[in-house]
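The structure file run.tsv is reproduced below (TSV, C-alpha atoms and all ligand atoms).
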```
chain	number	residue	atom	x	y	z
X	7	MET	CA	39.24	-25.72	28.15
X	8	SER	CA	35.60	-25.27	29.06
X	9	PHE	CA	33.87	-26.64	32.12
X	10	LEU	CA	30.60	-28.47	32.58
X	11	TYR	CA	29.67	-28.45	36.25
X	12	ILE	CA	27.18	-31.08	37.40
X	13	VAL	CA	25.52	-29.22	40.25
X	14	ALA	CA	23.38	-30.96	42.86
X	15	THR	CA	20.42	-28.84	44.03
X	16	PRO	CA	17.85	-29.30	46.84
X	17	ILE	CA	15.30	-32.14	46.81
X	18	GLY	CA	12.80	-29.86	48.57
X	19	ASN	CA	14.25	-27.56	51.18
X	20	LEU	CA	15.92	-24.69	49.33
X	21	GLU	CA	18.52	-24.34	52.09
X	22	ASP	CA	20.06	-27.69	51.13
X	23	ILE	CA	22.64	-26.35	48.70
X	24	SER	CA	26.37	-25.91	49.13
X	25	PHE	CA	28.28	-22.60	49.10
X	26	ARG	CA	30.30	-23.99	46.23
X	27	ALA	CA	27.17	-24.84	44.21
X	28	LEU	CA	25.89	-21.28	44.65
X	29	ARG	CA	29.25	-19.81	43.63
X	30	ILE	CA	29.39	-21.98	40.51
X	31	LEU	CA	25.81	-21.05	39.55
X	32	LYS	CA	26.81	-17.38	39.85
X	33	GLU	CA	30.01	-17.79	37.83
X	34	VAL	CA	29.02	-19.92	34.82
X	35	ASP	CA	27.93	-18.46	31.48
X	36	PHE	CA	24.75	-20.59	31.20
X	37	ILE	CA	22.73	-22.91	33.40
X	38	LEU	CA	21.24	-25.98	31.72
X	39	ALA	CA	17.98	-26.78	33.47
X	40	GLU	CA	15.51	-29.66	33.23
X	41	ASP	CA	12.58	-27.37	34.02
X	42	THR	CA	13.46	-23.69	33.83
X	43	ARG	CA	10.51	-22.67	36.04
X	44	LYS	CA	11.68	-24.92	38.88
X	45	THR	CA	15.26	-23.74	38.54
X	46	LEU	CA	14.14	-20.10	38.50
X	47	LYS	CA	12.53	-20.63	41.89
X	48	LEU	CA	15.89	-21.68	43.29
X	49	LEU	CA	17.82	-18.93	41.50
X	50	ASN	CA	15.36	-16.24	42.64
X	51	PHE	CA	15.64	-17.47	46.23
X	52	TYR	CA	19.41	-16.85	46.03
X	53	ASN	CA	19.19	-13.75	43.84
X	54	ILE	CA	21.09	-15.35	41.01
X	55	ARG	CA	20.43	-14.00	37.49
X	56	LYS	CA	21.75	-16.21	34.74
X	57	PRO	CA	20.68	-17.25	31.23
X	58	LEU	CA	18.94	-20.63	31.32
X	59	VAL	CA	18.94	-23.26	28.58
X	60	SER	CA	16.29	-25.96	28.94
X	61	TYR	CA	17.41	-29.52	28.69
X	62	PHE	CA	15.03	-32.44	29.18
X	63	GLN	CA	14.65	-36.15	28.48
X	64	HIS	CA	13.39	-35.79	24.94
X	65	SER	CA	15.49	-32.84	23.90
X	66	LYS	CA	16.14	-32.99	20.19
X	67	LEU	CA	19.58	-33.74	18.86
X	68	ALA	CA	19.77	-30.08	17.78
X	69	LYS	CA	19.52	-29.02	21.43
X	70	VAL	CA	22.34	-31.37	22.41
X	71	GLU	CA	24.42	-29.98	19.54
X	72	TYR	CA	23.63	-26.44	20.65
X	73	ILE	CA	24.93	-27.27	24.14
X	74	LEU	CA	28.04	-29.01	22.77
X	75	ASN	CA	28.61	-25.91	20.66
X	76	LEU	CA	28.55	-23.68	23.73
X	77	LEU	CA	31.32	-25.81	25.22
X	78	ASN	CA	33.20	-25.60	21.94
X	79	GLN	CA	33.07	-21.80	22.15
X	80	GLY	CA	34.74	-22.00	25.57
X	81	LYS	CA	31.58	-21.27	27.58
X	82	ASN	CA	31.32	-22.69	31.08
X	83	LEU	CA	28.05	-24.43	31.89
X	84	ALA	CA	26.27	-25.74	34.97
X	85	LEU	CA	23.83	-28.60	34.61
X	86	VAL	CA	21.05	-28.82	37.20
X	87	SER	CA	18.04	-31.10	37.37
X	88	ASP	CA	14.64	-30.51	38.96
X	89	ALA	CA	15.93	-31.95	42.22
X	90	GLY	CA	19.00	-33.61	43.63
X	91	THR	CA	22.02	-34.84	41.75
X	92	PRO	CA	21.81	-34.51	37.95
X	93	GLY	CA	22.25	-37.75	36.07
X	94	ILE	CA	20.86	-39.92	38.87
X	95	ASN	CA	17.60	-41.06	37.31
X	96	ASP	CA	17.01	-37.86	35.42
X	97	PRO	CA	17.73	-36.54	31.93
X	98	GLY	CA	21.16	-35.17	32.80
X	99	GLY	CA	22.70	-38.61	32.36
X	100	LYS	CA	22.16	-38.60	28.59
X	101	LEU	CA	23.76	-35.18	28.16
X	102	ILE	CA	26.79	-36.10	30.27
X	103	GLU	CA	27.17	-39.24	28.13
X	104	GLU	CA	27.20	-37.09	24.97
X	105	VAL	CA	29.74	-34.66	26.39
X	106	VAL	CA	32.06	-37.51	27.42
X	107	LYS	CA	31.66	-39.06	23.96
X	108	ASN	CA	32.12	-35.91	21.90
X	109	PHE	CA	34.49	-33.85	23.96
X	110	GLY	CA	36.84	-36.27	25.65
X	111	ASP	CA	39.56	-34.00	26.95
X	112	LYS	CA	38.22	-30.73	25.47
X	113	ALA	CA	35.77	-30.12	28.32
X	114	GLN	CA	36.21	-30.88	31.94
X	115	ILE	CA	33.19	-32.37	33.71
X	116	VAL	CA	33.21	-31.37	37.36
X	117	PRO	CA	30.87	-32.76	40.04
X	118	ILE	CA	29.47	-30.35	42.61
X	119	PRO	CA	28.05	-32.86	45.10
X	120	GLY	CA	24.97	-32.38	47.22
X	121	PRO	CA	21.48	-33.78	47.86
X	122	ASN	CA	20.22	-37.06	46.47
X	123	ALA	CA	16.89	-38.61	47.48
X	124	ALA	CA	18.17	-42.20	47.64
X	125	ILE	CA	21.12	-41.33	49.88
X	126	ALA	CA	18.97	-39.11	52.13
X	127	ALA	CA	16.51	-42.00	52.60
X	128	LEU	CA	19.29	-44.53	53.23
X	129	SER	CA	20.81	-42.22	55.83
X	130	ILE	CA	17.72	-42.39	58.05
X	131	SER	CA	16.75	-46.01	57.26
X	132	GLY	CA	18.44	-47.67	60.24
X	133	PHE	CA	19.37	-50.55	57.92
X	134	ASN	CA	22.94	-51.65	57.36
X	135	THR	CA	23.75	-49.47	54.38
X	136	ASP	CA	27.47	-50.22	54.02
X	137	ARG	CA	26.33	-51.84	50.78
X	138	PHE	CA	23.08	-51.33	48.92
X	139	LEU	CA	21.50	-51.88	45.54
X	140	PHE	CA	19.94	-48.88	43.77
X	141	LEU	CA	17.45	-49.75	41.05
X	142	GLY	CA	15.80	-46.40	40.28
X	143	TYR	CA	12.21	-46.58	39.03
X	144	PRO	CA	10.89	-50.12	38.50
X	145	PRO	CA	9.71	-50.52	34.88
X	146	HIS	CA	5.94	-50.23	34.42
X	147	LYS	CA	5.58	-53.30	32.22
X	148	LYS	CA	8.43	-55.00	30.41
X	149	GLY	CA	11.17	-56.06	32.81
X	150	ARG	CA	9.08	-55.38	35.93
X	151	LYS	CA	9.07	-58.99	37.14
X	152	LYS	CA	12.81	-59.26	36.52
X	153	VAL	CA	13.42	-56.25	38.77
X	154	PHE	CA	11.22	-57.69	41.52
X	155	ASP	CA	13.12	-61.00	41.24
X	156	GLU	CA	16.33	-59.03	41.62
X	157	ILE	CA	14.95	-57.38	44.78
X	158	SER	CA	13.94	-60.75	46.20
X	159	LYS	CA	17.43	-62.14	45.65
X	160	SER	CA	19.40	-59.10	46.79
X	161	ARG	CA	21.88	-59.59	49.62
X	162	TYR	CA	21.76	-55.86	50.32
X	163	PRO	CA	19.01	-53.33	51.04
X	164	VAL	CA	17.39	-52.25	47.78
X	165	VAL	CA	16.48	-48.62	47.06
X	166	ILE	CA	13.86	-47.69	44.48
X	167	TYR	CA	12.12	-44.49	43.40
X	168	GLU	CA	8.35	-44.35	42.97
X	169	SER	CA	5.68	-41.83	42.11
X	170	VAL	CA	2.53	-41.31	44.17
X	171	HIS	CA	0.54	-43.01	41.41
X	172	ARG	CA	2.48	-46.27	41.64
X	173	ILE	CA	3.84	-46.63	45.16
X	174	THR	CA	0.85	-48.64	46.49
X	175	LYS	CA	0.79	-50.89	43.44
X	176	THR	CA	4.49	-51.58	43.86
X	177	LEU	CA	4.18	-52.31	47.59
X	178	ASN	CA	1.24	-54.65	46.97
X	179	GLU	CA	3.06	-56.51	44.23
X	180	LEU	CA	6.21	-56.83	46.33
X	181	SER	CA	4.21	-58.29	49.21
X	182	GLY	CA	3.19	-61.09	46.86
X	183	PHE	CA	6.78	-62.36	46.78
X	184	GLU	CA	7.40	-65.09	49.37
X	185	ASN	CA	10.96	-63.88	49.78
X	186	ILE	CA	10.00	-60.24	50.30
X	187	LYS	CA	6.67	-60.19	52.14
X	188	ASP	CA	8.16	-60.32	55.65
X	189	ARG	CA	10.96	-57.86	55.09
X	190	LYS	CA	11.21	-54.53	56.79
X	191	VAL	CA	10.83	-51.48	54.58
X	192	VAL	CA	11.29	-47.75	54.90
X	193	VAL	CA	9.18	-45.43	52.78
X	194	ALA	CA	10.51	-41.88	52.78
X	195	ARG	CA	7.93	-39.40	51.53
X	196	GLU	CA	8.57	-35.73	50.70
X	197	LEU	CA	12.07	-35.68	52.18
X	198	THR	CA	13.19	-32.25	53.42
X	199	LYS	CA	9.75	-30.79	52.65
X	200	LYS	CA	6.91	-29.57	54.87
X	201	PHE	CA	5.07	-32.90	54.84
X	202	GLU	CA	8.10	-35.16	55.18
X	203	THR	CA	6.94	-38.53	56.49
X	204	ILE	CA	8.96	-41.65	57.20
X	205	TYR	CA	7.09	-44.95	57.32
X	206	ARG	CA	8.84	-47.94	58.87
X	207	GLY	CA	7.65	-51.51	59.25
X	208	GLY	CA	6.58	-54.61	57.34
X	209	ILE	CA	5.25	-54.13	53.81
X	210	SER	CA	1.72	-55.24	54.70
X	211	GLU	CA	1.62	-52.81	57.64
X	212	ILE	CA	2.86	-49.89	55.57
X	213	ALA	CA	0.89	-50.38	52.34
X	214	PRO	CA	-2.55	-49.36	53.74
X	215	GLN	CA	-1.05	-46.19	55.25
X	216	ILE	CA	0.63	-45.21	52.01
X	217	GLU	CA	-2.59	-45.85	50.09
X	218	LYS	CA	-4.06	-42.81	51.86
X	219	GLU	CA	-1.34	-40.51	50.53
X	220	LYS	CA	-2.55	-38.60	47.50
X	221	LEU	CA	0.52	-36.48	46.88
X	222	GLY	CA	4.26	-36.67	47.19
X	223	GLU	CA	7.49	-38.18	46.04
X	224	PHE	CA	8.69	-41.46	47.48
X	225	VAL	CA	11.83	-43.47	48.07
X	226	LEU	CA	11.26	-47.10	49.04
X	227	ILE	CA	13.97	-49.14	50.75
X	228	ILE	CA	13.46	-52.87	51.13
X	229	ASN	CA	15.77	-54.38	53.70
X	230	LYS	CA	17.61	-57.58	52.84
X	301	LIG	N1	18.22	-36.81	40.59
X	301	LIG	C1	17.33	-37.02	41.71
X	301	LIG	C2	18.13	-37.39	42.95
X	301	LIG	O1	19.33	-37.09	42.99
X	301	LIG	O2	17.55	-37.97	43.88
X	301	LIG	C3	16.23	-38.02	41.37
X	301	LIG	C4	15.37	-37.59	40.22
X	301	LIG	S1	14.04	-38.66	39.89
X	301	LIG	C5	13.47	-37.99	38.36
X	301	LIG	C6	12.78	-38.14	40.97
X	301	LIG	C7	12.42	-39.19	42.02
X	301	LIG	O3	13.30	-39.08	43.13
X	301	LIG	C8	11.02	-39.02	42.62
X	301	LIG	O4	10.01	-39.64	41.84
X	301	LIG	C9	11.18	-39.70	43.95
X	301	LIG	O5	11.09	-41.10	43.82
X	301	LIG	C10	12.60	-39.31	44.32
X	301	LIG	N2	12.59	-38.04	45.07
X	301	LIG	C11	13.03	-36.83	44.65
X	301	LIG	N3	12.85	-35.91	45.62
X	301	LIG	C12	12.31	-36.55	46.68
X	301	LIG	C13	11.90	-36.15	47.98
X	301	LIG	N4	12.01	-34.89	48.38
X	301	LIG	N5	11.40	-37.08	48.81
X	301	LIG	C14	11.27	-38.37	48.42
X	301	LIG	N6	11.64	-38.81	47.20
X	301	LIG	C15	12.15	-37.92	46.35
```
If you took the structure in this file and wrote it as structure tokens, what would it be?
Amino acid sequence: MSFLYIVATPIGNLEDISFRALRILKEVDFILAEDTRKTLKLLNFYNIRKPLVSYFQHSKLAKVEYILNLLNQGKNLALVSDAGTPGINDPGGKLIEEVVKNFGDKAQIVPIPGPNAAIAALSISGFNTDRFLFLGYPPHKKGRKKVFDEISKSRYPVVIYESVHRITKTLNELSGFENIKDRKVVVARELTKKFETIYRGGISEIAPQIEKEKLGEFVLIINK
């Protein structure tokens, strides 16, 4: 039986990693990484030397087969993404799907929990987060309106991911919805990093402040 560990890694601050995650990264035969340069930064910080195999969104079928083959040979693997929990809005999800499909009971998939940007943002939101709706990145074109309709109808706070290039556009579009324009939002920028900033308020108050931000990663929470 081989093991595929799904290892959560920091979303910024390199100290945000569990003892167990570090032990697993030291023990496995290979680490599957979304961006090997980013993962090397983490591994160097903890003095971990391990062969890396790159795995990204558009990895060819041959790469997936190569990874499945490693499991077949009894190798133990750790999957990490650029940040946070692999499989949550990053390429890991596809690989895990393939392993479940092709390996069934031949490989054990083990979660090594840790950071996740959505959960970190929810934890400081001050909203009632007993229930929430996570929608990942809103589509750029097709399906965008449908997602915004879903946000407007949600009975729970809605969490979305956005890039610096699109956060202002998204806030401005959301403020055009009668049902959304007066809601409270939290925008969490650069969580756990040097320039971490939390914006709280109405969408129209927040949007002009965010417009000034030229860099960063963002989680947006729209209260119900
Ligand atoms: N798997 C990751 C997780 O567990 O959160 C998410 C990966 S997704 C490709 C990257 C997006 O997550 C970014 O565009 C941003 O919306 C959000 N994100 C990741 N790190 C963040 C941070 N430090 N602060 C704010 N948002 C972050």
Please, which residues in chain X fall within 6 Å of ligand LIG 301 (chain X) when counting only C-alpha atoms and all ligand atoms, and what is the closest atom pair and distance in Å to one decimal for each, ordered by chain then residue number, as a tab-separated table?
```
residue	atom	partner	partner_atom	distance
X:Ile17	CA	X:LIG301	N4	4.6
X:Gly18	CA	X:LIG301	N4	5.1
X:Ala89	CA	X:LIG301	C1	5.3
X:Gly90	CA	X:LIG301	O1	3.6
X:Thr91	CA	X:LIG301	O1	3.7
X:Pro92	CA	X:LIG301	N1	5.0
X:Ile94	CA	X:LIG301	N1	4.4
X:Asn95	CA	X:LIG301	S1	5.0
X:Asp96	CA	X:LIG301	C5	4.6
X:Asn122	CA	X:LIG301	O1	3.6
X:Ala123	CA	X:LIG301	O2	3.7
X:Ala124	CA	X:LIG301	O2	5.7
X:Tyr167	CA	X:LIG301	O5	3.6
X:Glu168	CA	X:LIG301	O5	4.3
X:Ser169	CA	X:LIG301	O4	4.9
X:Ala194	CA	X:LIG301	C14	5.6
X:Arg195	CA	X:LIG301	C14	4.7
X:Glu196	CA	X:LIG301	N5	3.7
X:Leu197	CA	X:LIG301	N5	3.7
X:Thr198	CA	X:LIG301	N4	5.8
X:Glu223	CA	X:LIG301	N6	4.4
X:Phe224	CA	X:LIG301	N6	4.0
X:Val225	CA	X:LIG301	N6	4.7
```
Point-to-point distance from CA of Leu31 in chain X to CA of Asn82 in chain X, Å rounded to tenths: 10.2 Å
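From CA of His64 in chain X back to CA of Thr176 in chain X, the distance works out to 26.2 Å.
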Within 12 Å of Tyr205 in chain X using all atoms listed in the file, minus same-chain residues under 2 positions, as a list of chain:residue names: X:Ala127, X:Ile130, X:Ser131, X:Lys190, X:Val191, X:Val192, X:Val193, X:Ala194, X:Arg195, X:Glu196, X:Leu197, X:Glu202, X:Thr203, X:Gly207, X:Gly208, X:Ile209, X:Ser210, X:Glu211, X:Ile212, X:Ala213, X:Pro214, X:Gln215, X:Ile216, X:Glu219, X:Phe224, X:Val225, X:Leu226, X:Ile227, X:Ile228
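Comparing the minimum interatomic distances between Phe109 in chain X and each of X:Gly222, X:Leu76, X:Phe62, X:Arg189, counting only C-alpha atoms, we find that X:Leu76 sits nearest.
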Quick one: which range 77-122 of chain X residues come within 10 Å of range 48-60 of chain X, and what is the nearest atom pair for each with the distance in Å to one decimal, counting only C-alpha atoms, rows ordered by chain and ascending number, as JSON lines?
```
{"residue": "X:Leu83", "atom": "CA", "partner": "X:Val59", "partner_atom": "CA", "distance": 9.8}
{"residue": "X:Ala84", "atom": "CA", "partner": "X:Leu58", "partner_atom": "CA", "distance": 9.7}
{"residue": "X:Leu85", "atom": "CA", "partner": "X:Val59", "partner_atom": "CA", "distance": 9.4}
{"residue": "X:Val86", "atom": "CA", "partner": "X:Ser60", "partner_atom": "CA", "distance": 10.0}
{"residue": "X:Asp88", "atom": "CA", "partner": "X:Leu48", "partner_atom": "CA", "distance": 9.9}
```
Since the input lacks atoms, please generate all heavy atoms for range 53-64 of chain X and provide them as a short mmCIF file (atom, residue, chain, number, x, y, z; two decimals), in the coordinates of the input.
```cif
data_model
loop_
_atom_site.label_atom_id
_atom_site.label_comp_id
_atom_site.auth_asym_id
_atom_site.auth_seq_id
_atom_site.Cartn_x
_atom_site.Cartn_y
_atom_site.Cartn_z
N ASN X 53 18.87 -14.95 44.61
CA ASN X 53 19.19 -13.75 43.84
C ASN X 53 20.24 -13.97 42.76
O ASN X 53 21.15 -13.15 42.60
CB ASN X 53 19.73 -12.66 44.79
CG ASN X 53 18.61 -11.75 45.17
OD1 ASN X 53 17.79 -11.41 44.31
ND2 ASN X 53 18.56 -11.39 46.44
N ILE X 54 20.13 -15.07 42.07
CA ILE X 54 21.09 -15.35 41.01
C ILE X 54 20.38 -15.09 39.67
O ILE X 54 19.29 -15.63 39.44
CB ILE X 54 21.60 -16.81 41.08
CG1 ILE X 54 22.32 -17.05 42.40
CG2 ILE X 54 22.51 -17.15 39.89
CD1 ILE X 54 22.72 -18.48 42.66
N ARG X 55 20.99 -14.27 38.83
CA ARG X 55 20.43 -14.00 37.49
C ARG X 55 21.38 -14.60 36.48
O ARG X 55 22.56 -14.25 36.44
CB ARG X 55 20.33 -12.49 37.23
CG ARG X 55 19.59 -11.72 38.29
CD ARG X 55 18.11 -11.55 37.98
NE ARG X 55 17.41 -10.99 39.11
CZ ARG X 55 16.77 -11.71 40.04
NH1 ARG X 55 16.70 -13.02 39.95
NH2 ARG X 55 16.16 -11.13 41.07
N LYS X 56 20.87 -15.51 35.67
CA LYS X 56 21.75 -16.21 34.74
C LYS X 56 20.93 -16.72 33.56
O LYS X 56 19.78 -17.16 33.76
CB LYS X 56 22.34 -17.39 35.51
CG LYS X 56 23.57 -18.05 34.99
CD LYS X 56 24.76 -17.19 34.77
CE LYS X 56 25.37 -16.55 35.98
NZ LYS X 56 26.64 -15.86 35.69
N PRO X 57 21.46 -16.68 32.35
CA PRO X 57 20.68 -17.25 31.23
C PRO X 57 20.50 -18.76 31.41
O PRO X 57 21.44 -19.46 31.76
CB PRO X 57 21.55 -16.97 30.00
CG PRO X 57 22.67 -16.11 30.45
CD PRO X 57 22.73 -16.10 31.94
N LEU X 58 19.25 -19.20 31.17
CA LEU X 58 18.94 -20.63 31.32
C LEU X 58 18.74 -21.27 29.94
O LEU X 58 18.18 -20.64 29.04
CB LEU X 58 17.64 -20.81 32.11
CG LEU X 58 17.65 -20.38 33.57
CD1 LEU X 58 16.27 -20.55 34.19
CD2 LEU X 58 18.66 -21.20 34.35
N VAL X 59 19.19 -22.48 29.80
CA VAL X 59 18.94 -23.26 28.58
C VAL X 59 18.19 -24.51 29.04
O VAL X 59 18.66 -25.21 29.95
CB VAL X 59 20.27 -23.67 27.91
CG1 VAL X 59 20.02 -24.58 26.70
CG2 VAL X 59 21.07 -22.44 27.51
N SER X 60 17.01 -24.78 28.45
CA SER X 60 16.29 -25.96 28.94
C SER X 60 16.86 -27.22 28.32
O SER X 60 17.25 -27.26 27.15
CB SER X 60 14.80 -25.82 28.63
OG SER X 60 14.57 -26.16 27.31
N TYR X 61 16.92 -28.23 29.16
CA TYR X 61 17.41 -29.52 28.69
C TYR X 61 16.57 -30.60 29.36
O TYR X 61 16.51 -30.67 30.58
CB TYR X 61 18.88 -29.72 29.05
CG TYR X 61 19.31 -31.10 28.62
CD1 TYR X 61 19.56 -31.35 27.29
CD2 TYR X 61 19.38 -32.14 29.52
CE1 TYR X 61 19.86 -32.62 26.86
CE2 TYR X 61 19.69 -33.41 29.11
CZ TYR X 61 19.93 -33.65 27.78
OH TYR X 61 20.21 -34.91 27.35
N PHE X 62 15.88 -31.41 28.56
CA PHE X 62 15.03 -32.44 29.18
C PHE X 62 15.19 -33.75 28.43
O PHE X 62 15.89 -33.84 27.41
CB PHE X 62 13.57 -31.99 29.27
CG PHE X 62 13.06 -31.36 28.00
CD1 PHE X 62 12.49 -32.12 27.01
CD2 PHE X 62 13.20 -29.98 27.80
CE1 PHE X 62 12.04 -31.54 25.84
CE2 PHE X 62 12.75 -29.40 26.63
CZ PHE X 62 12.17 -30.18 25.66
N GLN X 63 14.52 -34.76 28.96
CA GLN X 63 14.65 -36.15 28.48
C GLN X 63 14.59 -36.26 26.96
O GLN X 63 15.39 -36.93 26.34
CB GLN X 63 13.52 -36.98 29.09
CG GLN X 63 13.66 -38.47 28.87
CD GLN X 63 14.51 -39.08 29.97
OE1 GLN X 63 14.37 -38.73 31.13
NE2 GLN X 63 15.39 -39.99 29.60
N HIS X 64 13.59 -35.58 26.37
CA HIS X 64 13.39 -35.79 24.94
C HIS X 64 13.89 -34.60 24.13
O HIS X 64 13.38 -34.32 23.04
CB HIS X 64 11.92 -36.10 24.66
CG HIS X 64 11.46 -37.29 25.41
ND1 HIS X 64 11.90 -38.56 25.12
CD2 HIS X 64 10.67 -37.42 26.50
CE1 HIS X 64 11.38 -39.42 25.98
NE2 HIS X 64 10.63 -38.74 26.83
#
```
